[in-house]
$ cat final29.txt   # compact mmCIF, C-alpha atoms (C1' of nucleotides)
# COMPACT_ATOMS: atom_id res chain seq x y z
CA MET N 1 40.11 4.94 -8.83
CA PRO N 2 36.86 6.72 -8.72
CA GLU N 3 33.67 6.06 -10.60
CA LEU N 4 30.55 8.22 -10.45
CA PRO N 5 29.62 7.51 -6.79
CA GLU N 6 33.13 8.29 -5.55
CA VAL N 7 33.34 11.48 -7.63
CA GLU N 8 29.91 12.55 -6.36
CA THR N 9 31.06 11.98 -2.77
CA VAL N 10 34.20 14.02 -3.45
CA ARG N 11 32.01 16.78 -4.92
CA GLN N 12 29.83 16.95 -1.83
CA THR N 13 32.69 16.97 0.65
CA LEU N 14 34.91 19.33 -1.34
CA ARG N 15 32.05 21.77 -1.78
CA GLN N 16 31.83 22.27 1.98
CA LEU N 17 35.54 23.02 2.13
CA VAL N 18 36.11 25.51 -0.71
CA LEU N 19 32.83 27.20 -1.64
CA ASN N 20 33.22 31.01 -1.78
CA LYS N 21 36.97 30.85 -1.34
CA LYS N 22 39.21 32.81 -3.71
CA ILE N 23 42.34 31.48 -5.38
CA THR N 24 45.35 33.69 -4.71
CA ASP N 25 47.99 31.56 -6.44
CA VAL N 26 48.50 28.22 -8.20
CA THR N 27 51.56 25.96 -8.32
CA VAL N 28 51.82 23.20 -10.92
CA LEU N 29 54.44 20.58 -10.06
CA TRP N 30 53.60 18.07 -12.83
CA ASP N 31 52.80 19.74 -16.13
CA ASN N 32 51.13 16.81 -17.91
CA ILE N 33 48.08 16.99 -15.65
CA ILE N 34 47.21 20.37 -17.19
CA LYS N 35 45.58 19.83 -20.59
CA LEU N 36 44.02 23.27 -21.28
CA PRO N 37 45.33 25.86 -21.60
CA LEU N 38 48.40 24.08 -22.93
CA GLU N 39 50.84 26.12 -20.87
CA PRO N 40 50.70 25.62 -17.08
CA GLU N 41 51.55 29.31 -16.58
CA ALA N 42 48.47 30.32 -18.59
CA PHE N 43 46.42 27.85 -16.50
CA ARG N 44 47.73 29.58 -13.36
CA GLN N 45 46.89 33.06 -14.65
CA GLU N 46 43.33 32.02 -15.54
CA LEU N 47 42.69 30.86 -11.97
CA ILE N 48 44.29 33.62 -9.91
CA GLY N 49 41.61 35.92 -8.49
CA GLN N 50 38.74 33.50 -9.17
CA THR N 51 36.25 32.52 -6.44
CA VAL N 52 34.66 29.05 -6.22
CA GLN N 53 30.94 29.53 -6.93
CA GLU N 54 29.81 25.91 -7.20
CA ILE N 55 31.08 22.39 -7.76
CA ASN N 56 29.18 20.15 -10.16
CA ARG N 57 29.76 16.73 -11.66
CA LYS N 58 29.07 14.97 -14.95
CA GLY N 59 29.91 11.28 -15.22
CA LYS N 60 33.31 10.91 -13.54
CA PHE N 61 34.27 14.57 -14.07
CA LEU N 62 34.25 17.27 -11.41
CA ILE N 63 33.34 20.76 -12.64
CA LEU N 64 34.59 23.60 -10.46
CA GLU N 65 32.67 26.74 -11.39
CA PHE N 66 34.37 30.08 -10.77
CA ASP N 67 33.34 33.67 -11.63
CA ASP N 68 34.34 33.62 -15.29
CA ILE N 69 35.71 30.12 -15.90
CA SER N 70 35.07 26.43 -15.20
CA MET N 71 37.71 23.87 -14.37
CA VAL N 72 36.92 20.33 -15.52
CA SER N 73 38.86 17.78 -13.50
CA HIS N 74 39.14 14.00 -13.94
CA LEU N 75 40.66 11.91 -11.14
CA ARG N 76 41.39 8.88 -13.33
CA MET N 77 42.75 6.05 -11.18
CA GLU N 78 44.16 7.71 -8.06
CA GLY N 79 43.43 11.44 -8.04
CA LYS N 80 42.40 13.05 -4.74
CA TYR N 81 41.57 16.57 -3.57
CA GLY N 82 42.18 17.76 -0.04
CA VAL N 83 42.20 21.09 1.80
CA TYR N 84 45.04 21.75 4.22
CA PRO N 85 46.55 24.64 6.19
CA ALA N 86 49.26 26.23 4.04
CA ALA N 87 51.81 25.29 6.68
CA GLU N 88 51.01 21.57 6.46
CA PRO N 89 53.90 19.60 4.92
CA MET N 90 53.32 18.46 1.34
CA LYS N 91 52.56 14.80 0.67
CA LYS N 92 54.73 12.82 -1.71
CA HIS N 93 52.40 12.88 -4.71
CA THR N 94 50.94 16.39 -4.59
CA HIS N 95 51.10 17.85 -8.10
CA VAL N 96 48.85 20.93 -8.19
CA ILE N 97 48.36 23.45 -5.36
CA PHE N 98 45.61 26.08 -5.29
CA GLN N 99 46.36 28.69 -2.64
CA LEU N 100 43.18 30.10 -1.09
CA ASP N 101 42.48 33.47 0.50
CA ASP N 102 41.78 32.07 3.98
CA GLY N 103 45.25 30.61 4.53
CA THR N 104 44.34 27.11 3.36
CA GLU N 105 45.34 25.29 0.18
CA LEU N 106 43.37 23.00 -2.12
CA ARG N 107 45.85 20.29 -3.09
CA TYR N 108 45.58 17.71 -5.88
CA ASN N 109 47.32 14.42 -5.08
CA ASP N 110 47.71 11.65 -7.65
CA VAL N 111 50.13 8.73 -7.26
CA ARG N 112 49.94 7.73 -10.92
CA LYS N 113 49.71 11.26 -12.40
CA PHE N 114 46.89 10.15 -14.76
CA GLY N 115 44.43 12.87 -13.77
CA THR N 116 43.53 15.75 -16.09
CA MET N 117 42.44 19.41 -15.74
CA HIS N 118 40.87 21.62 -18.41
CA ILE N 119 39.80 25.26 -18.12
CA PHE N 120 37.00 26.74 -20.22
CA LYS N 121 35.11 30.02 -20.28
CA LYS N 122 32.14 29.50 -17.98
CA GLY N 123 29.28 27.68 -19.71
CA LYS N 124 31.38 26.58 -22.70
CA GLU N 125 32.73 23.43 -21.03
CA ILE N 126 29.62 21.36 -21.76
CA ASN N 127 30.01 21.69 -25.53
CA GLN N 128 33.70 20.84 -25.73
CA LYS N 129 35.83 17.79 -25.16
CA PRO N 130 35.99 16.03 -22.81
CA LEU N 131 32.45 16.70 -21.46
CA SER N 132 30.87 16.83 -24.92
CA LEU N 133 31.71 13.14 -25.41
CA LEU N 134 29.63 11.96 -22.45
CA GLY N 135 26.25 10.27 -22.54
CA PRO N 136 23.68 10.81 -19.76
CA ASP N 137 24.34 9.89 -16.14
CA PRO N 138 22.42 6.72 -15.18
CA PHE N 139 19.74 8.59 -13.21
CA ASP N 140 19.27 11.39 -15.78
CA ASP N 141 15.81 11.64 -17.33
CA SER N 142 17.35 11.16 -20.77
CA PHE N 143 18.69 7.70 -19.87
CA THR N 144 15.42 6.12 -20.95
CA ALA N 145 14.60 2.50 -21.77
CA ASP N 146 14.16 3.43 -25.45
CA TYR N 147 17.42 5.34 -25.65
CA PHE N 148 19.42 2.52 -24.06
CA TYR N 149 17.80 -0.25 -26.09
CA ASN N 150 18.36 1.66 -29.34
CA ARG N 151 22.01 2.28 -28.53
CA LEU N 152 22.55 -1.40 -27.69
CA GLN N 153 20.88 -2.47 -30.93
CA LYS N 154 23.52 -0.58 -32.91
CA THR N 155 26.57 -2.49 -31.67
CA GLN N 156 27.92 -6.02 -31.60
CA ARG N 157 30.25 -5.32 -28.69
CA THR N 158 29.83 -7.12 -25.36
CA ILE N 159 27.46 -5.59 -22.80
CA LYS N 160 30.47 -5.03 -20.52
CA ALA N 161 32.29 -2.98 -23.18
CA VAL N 162 29.16 -0.92 -23.78
CA LEU N 163 28.61 -0.16 -20.09
CA LEU N 164 32.23 1.01 -19.83
CA ASP N 165 31.70 3.31 -22.84
CA GLN N 166 31.16 6.77 -21.34
CA SER N 167 29.46 8.08 -24.48
CA ILE N 168 26.53 5.70 -23.95
CA VAL N 169 26.05 6.10 -20.21
CA ALA N 170 28.47 8.12 -18.09
CA GLY N 171 29.93 7.22 -14.72
CA LEU N 172 30.18 3.43 -14.59
CA GLY N 173 33.65 1.89 -14.34
CA ASN N 174 34.95 -1.59 -13.74
CA ILE N 175 33.44 -2.12 -10.27
CA TYR N 176 29.94 -0.84 -11.01
CA VAL N 177 29.74 -2.56 -14.40
CA ASP N 178 30.45 -5.94 -12.80
CA GLU N 179 28.01 -5.24 -9.96
CA THR N 180 25.32 -3.99 -12.36
CA LEU N 181 25.56 -7.08 -14.56
CA PHE N 182 25.38 -9.37 -11.54
CA ARG N 183 22.26 -7.63 -10.27
CA ALA N 184 20.73 -7.84 -13.74
CA GLY N 185 21.65 -11.52 -14.11
CA VAL N 186 23.41 -10.88 -17.43
CA HIS N 187 26.73 -12.45 -18.46
CA PRO N 188 29.37 -9.75 -19.18
CA GLU N 189 30.25 -11.31 -22.56
CA ARG N 190 26.72 -11.26 -23.96
CA LYS N 191 26.50 -9.27 -27.20
CA ALA N 192 24.66 -6.01 -26.57
CA ASN N 193 22.49 -6.22 -29.69
CA LEU N 194 21.28 -9.73 -28.83
CA LEU N 195 19.82 -8.86 -25.43
CA SER N 196 16.04 -8.86 -25.17
CA ARG N 197 14.15 -5.68 -24.39
CA LYS N 198 13.41 -7.11 -20.96
CA GLN N 199 17.07 -7.86 -20.26
CA VAL N 200 18.14 -4.41 -21.40
CA GLU N 201 15.64 -2.88 -19.02
CA LYS N 202 16.95 -5.06 -16.19
CA VAL N 203 20.48 -3.84 -16.89
CA ARG N 204 19.33 -0.22 -17.00
CA GLN N 205 17.45 -0.52 -13.70
CA ALA N 206 20.36 -2.35 -12.09
CA ALA N 207 22.78 0.39 -13.17
CA ILE N 208 20.59 3.13 -11.71
CA GLU N 209 19.97 1.21 -8.48
CA THR N 210 23.65 0.29 -8.02
CA ILE N 211 24.92 3.82 -8.62
CA GLU N 212 22.30 5.42 -6.37
CA GLU N 213 22.95 2.95 -3.57
CA ALA N 214 26.70 3.49 -3.84
CA ILE N 215 26.30 7.28 -3.63
CA GLN N 216 24.21 6.82 -0.53
CA GLN N 217 27.03 4.73 0.95
CA GLY N 218 29.68 7.34 0.15
CA GLY N 219 31.28 5.24 -2.61
CA THR N 220 33.46 2.13 -2.56
CA THR N 221 36.90 1.95 -0.97
CA ILE N 222 38.91 -0.98 -2.33
CA ARG N 223 42.44 0.25 -1.88
CA SER N 224 42.98 3.95 -1.60
CA TYR N 225 39.82 5.93 -2.23
CA VAL N 226 38.93 8.58 0.36
CA ASN N 227 36.70 11.63 -0.03
CA SER N 228 37.95 15.20 0.41
CA GLN N 229 37.58 14.91 4.17
CA GLY N 230 39.73 11.79 4.23
CA GLN N 231 36.81 9.41 4.87
CA ILE N 232 36.44 6.01 3.19
CA GLY N 233 33.28 4.75 1.48
CA MET N 234 31.04 1.92 2.70
CA PHE N 235 29.69 0.33 -0.49
CA GLN N 236 32.42 -2.36 -0.48
CA GLN N 237 30.23 -4.11 2.10
CA ARG N 238 27.53 -4.46 -0.55
CA LEU N 239 29.66 -5.78 -3.41
CA PHE N 240 28.48 -9.11 -4.82
CA VAL N 241 31.22 -9.97 -7.31
CA TYR N 242 33.95 -7.33 -7.65
CA GLY N 243 37.11 -8.64 -5.98
CA LYS N 244 35.23 -11.77 -4.84
CA GLU N 245 36.90 -14.34 -7.11
CA GLU N 246 36.72 -17.86 -5.66
CA GLU N 247 34.32 -16.74 -2.93
CA PRO N 248 30.83 -18.29 -2.95
CA CYS N 249 28.12 -16.28 -4.72
CA LYS N 250 25.91 -14.61 -2.09
CA TYR N 251 22.81 -15.92 -3.86
CA CYS N 252 23.65 -19.43 -5.07
CA GLY N 253 27.01 -20.36 -3.52
CA THR N 254 28.75 -21.03 -6.85
CA PRO N 255 32.34 -19.70 -6.74
CA ILE N 256 32.66 -16.26 -8.36
CA GLU N 257 34.90 -16.40 -11.43
CA LYS N 258 37.36 -13.85 -12.77
CA ILE N 259 37.98 -13.54 -16.51
CA LYS N 260 39.14 -10.87 -18.97
CA VAL N 261 36.50 -8.99 -20.93
CA SER N 262 37.36 -5.93 -22.99
CA ASN N 263 40.85 -6.30 -21.49
CA ARG N 264 39.53 -5.64 -17.98
CA GLY N 265 39.43 -7.97 -15.01
CA THR N 266 35.80 -9.15 -14.87
CA HIS N 267 33.99 -10.85 -11.99
CA TYR N 268 30.76 -12.80 -12.38
CA CYS N 269 28.72 -15.79 -11.25
CA ARG N 270 28.41 -18.39 -14.00
CA ASN N 271 25.17 -19.67 -12.47
CA CYS N 272 23.35 -16.37 -11.81
CA GLN N 273 24.52 -14.59 -14.97
CA GLN N 274 23.66 -16.07 -18.35
C1' DA M 1 33.39 -1.58 -36.28
C1' DT M 2 35.93 -3.93 -32.96
C1' DG M 3 39.75 -6.00 -30.58
C1' DG M 4 44.31 -6.04 -28.91
C1' DT M 5 48.17 -3.45 -27.18
C1' DA M 6 50.74 0.20 -25.61
C1' DA M 7 50.99 4.49 -23.42
C1' DC M 8 50.42 7.67 -19.58
C1' DC M 9 52.64 6.54 -14.08
C1' DT M 10 53.55 4.39 -9.40
C1' DG M 11 53.11 0.92 -5.99
C1' DC M 12 52.07 -3.58 -4.27
C1' DG M 13 51.92 -8.50 -3.86
C1' DG M 14 53.36 -13.03 -5.49
C1' DG M 15 56.67 -16.25 -7.21
C1' DC M 16 61.33 -17.62 -7.52
C1' DT J 1 66.20 -9.66 0.55
C1' DG J 2 65.88 -8.62 -4.25
C1' DC J 3 64.17 -8.91 -8.87
C1' DC J 4 60.74 -9.55 -12.40
C1' DC J 5 55.99 -9.90 -13.60
C1' DG J 6 51.33 -8.83 -13.48
C1' DC J 7 47.84 -6.16 -11.72
C1' DA J 8 45.19 -1.82 -10.35
C1' DG J 9 38.64 1.99 -9.61
C1' DG J 10 40.57 5.27 -16.54
C1' DT J 11 41.03 6.89 -21.13
C1' DT J 12 43.02 7.43 -25.69
C1' DA J 13 45.93 6.50 -29.74
C1' DC J 14 47.37 3.35 -33.00
C1' DC J 15 47.70 -0.91 -35.54
C1' DA J 16 45.67 -5.22 -37.27
$ encode --input "final29.txt" --output "structure tokens"
Amino acid sequence: MPELPEVETVRQTLRQLVLNKKITDVTVLWDNIIKLPLEPEAFRQELIGQTVQEINRKGKFLILEFDDISMVSHLRMEGKYGVYPAAEPMKKHTHVIFQLDDGTELRYNDVRKFGTMHIFKKGKEINQKPLSLLGPDPFDDSFTADYFYNRLQKTQRTIKAVLLDQSIVAGLGNIYVDETLFRAGVHPERKANLLSRKQVEKVRQAAIETIEEAIQQGGTTIRSYVNSQGQIGMFQQRLFVYGKEEEPCKYCGTPIEKIKVSNRGTHYCRNCQQ
DNA sequence: ATGGTAACCTGCGGGC
DNA sequence: TGCCCGCAGGTTACCA
């Protein structure tokens, strides 16, 4: 489900709900979500007694910072966090429960069970997988025109494949890649190394602008995304191509087309994007 | 180096 | 109504 803007919105809402609360117990109902430590019981023991100090984000990962440890959490397609009174009945797809010291519970819900959680000693998470594999976020100072152009020069993959590659720029997924390329006027199947310096800069600016605008709108809700307070996003009102196949392009009226690129459903305007 | 495919899972909508 | 297929906001492993 979530790409950078949705994860950022979750971060902001979740922060209000759990900051300074202490974990008194943890229940893991689906073991495969826990990646580190390998044993769910060890994961539980690491967390008991820890207080939430801060919640950060890098790319599509949430980073829950405790006293001595950090928990790195990826929501993949359908993961959601919510805070509920302990007495509230469990939903169907709740897989990890963090009991808090004020009588509430932080619950992780994930229909497809794709999400992941890793625990590291505090401060070590940034140098280890999975965070160590990430490139800069789009609005980071290090995502410069030179950096991006040089990375694109090194590959013959399509620009869509490159924008989906989290090691080059972190946080864009299928929706924001399609929207970015529309705004930049670049065809998703163009080879990255054949784009002009000017086009690369247009793509970079479009990525930054799209992601920042989407954060401001609280993310995009297509099917199921809600933040940690159960609210939907508003950016779907500003989509130009994603999910718009056969609808007229908002700029030129040409029907939006849907093709496969990099094995992902890809939406674009054949007139506006060359 | 890159592309295709399957895998990890569940649910939904369309076609028959 | 029921069944089968393809599809879904992600990522990784493996095989051409």
$ atom_distance --input "final29.txt" --atom1 "atom CA of N:Lys80" --atom2 "atom CA of N:Tyr108"
5.8 Å
$ residues_around --input "final29.txt" --residues "N:Arg11" --least-positions-apart "5" --cutoff "10 Å" --atoms "only C-alpha atoms (C1' of nucleotides)" --output "PyMOL selection string"
chain N and resi 5-6+16+54-57+61-64+81+227-228
$ write_last_selection --input "final29.txt" --atoms "C-alpha atoms" --output "mmCIF file, in the frame of the given file"
data_model
loop_
_atom_site.group_PDB
_atom_site.id
_atom_site.type_symbol
_atom_site.label_atom_id
_atom_site.label_comp_id
_atom_site.auth_asym_id
_atom_site.auth_seq_id
_atom_site.Cartn_x
_atom_site.Cartn_y
_atom_site.Cartn_z
ATOM 1 C CA PRO N 5 29.620 7.510 -6.790
ATOM 2 C CA GLU N 6 33.130 8.290 -5.550
ATOM 3 C CA GLN N 16 31.830 22.270 1.980
ATOM 4 C CA GLU N 54 29.810 25.910 -7.200
ATOM 5 C CA ILE N 55 31.080 22.390 -7.760
ATOM 6 C CA ASN N 56 29.180 20.150 -10.160
ATOM 7 C CA ARG N 57 29.760 16.730 -11.660
ATOM 8 C CA PHE N 61 34.270 14.570 -14.070
ATOM 9 C CA LEU N 62 34.250 17.270 -11.410
ATOM 10 C CA ILE N 63 33.340 20.760 -12.640
ATOM 11 C CA LEU N 64 34.590 23.600 -10.460
ATOM 12 C CA TYR N 81 41.570 16.570 -3.570
ATOM 13 C CA ASN N 227 36.700 11.630 -0.030
ATOM 14 C CA SER N 228 37.950 15.200 0.410
#
$ residues_around --input "final29.txt" --residues "N:Lys124" --least-positions-apart "6" --cutoff "12 Å" --atoms "all atoms listed in the file" --output "short mmCIF file (atom, residue, chain, number, x, y, z; two decimals) with C-alpha atoms, in the coordinates of the input"
data_model
loop_
_atom_site.label_atom_id
_atom_site.label_comp_id
_atom_site.auth_asym_id
_atom_site.auth_seq_id
_atom_site.Cartn_x
_atom_site.Cartn_y
_atom_site.Cartn_z
CA ILE N 63 33.34 20.76 -12.64
CA GLU N 65 32.67 26.74 -11.39
CA ASP N 68 34.34 33.62 -15.29
CA ILE N 69 35.71 30.12 -15.90
CA SER N 70 35.07 26.43 -15.20
CA MET N 71 37.71 23.87 -14.37
CA VAL N 72 36.92 20.33 -15.52
CA HIS N 118 40.87 21.62 -18.41
CA PRO N 130 35.99 16.03 -22.81
CA LEU N 131 32.45 16.70 -21.46
CA SER N 132 30.87 16.83 -24.92
#
$ residues_around --input "final29.txt" --residues "M:DG15" --least-positions-apart "4" --cutoff "12 Å" --atoms "only C-alpha atoms (C1' of nucleotides)" --output "JSON, numbers by chain"
{"J": [3, 4, 5, 6]}
$ residues_around --input "final29.txt" --residues "J:DA16" --least-positions-apart "6" --cutoff "12 Å" --atoms "only C-alpha atoms (C1' of nucleotides)" --output "MDAnalysis selection string"
chainID M and resid 2:5
$ interface_residues --input "final29.txt" --of "chain N" --to "chain J" --cutoff "8 Å" --atoms "only C-alpha atoms (C1' of nucleotides)" --output "JSON, numbers by chain"
{"N": [1, 2, 3, 76, 77, 173, 174, 175, 222]}
$ closest_atom_pairs --input "final29.txt" --of "chain N" --to "chain M" --cutoff "6 Å" --atoms "only C-alpha atoms (C1' of nucleotides)" --output "CSV"
residue,atom,partner,partner_atom,distance
N:Val111,CA,M:DT10,C1',5.9
N:Arg112,CA,M:DC9,C1',4.3
N:Lys113,CA,M:DC9,C1',5.8
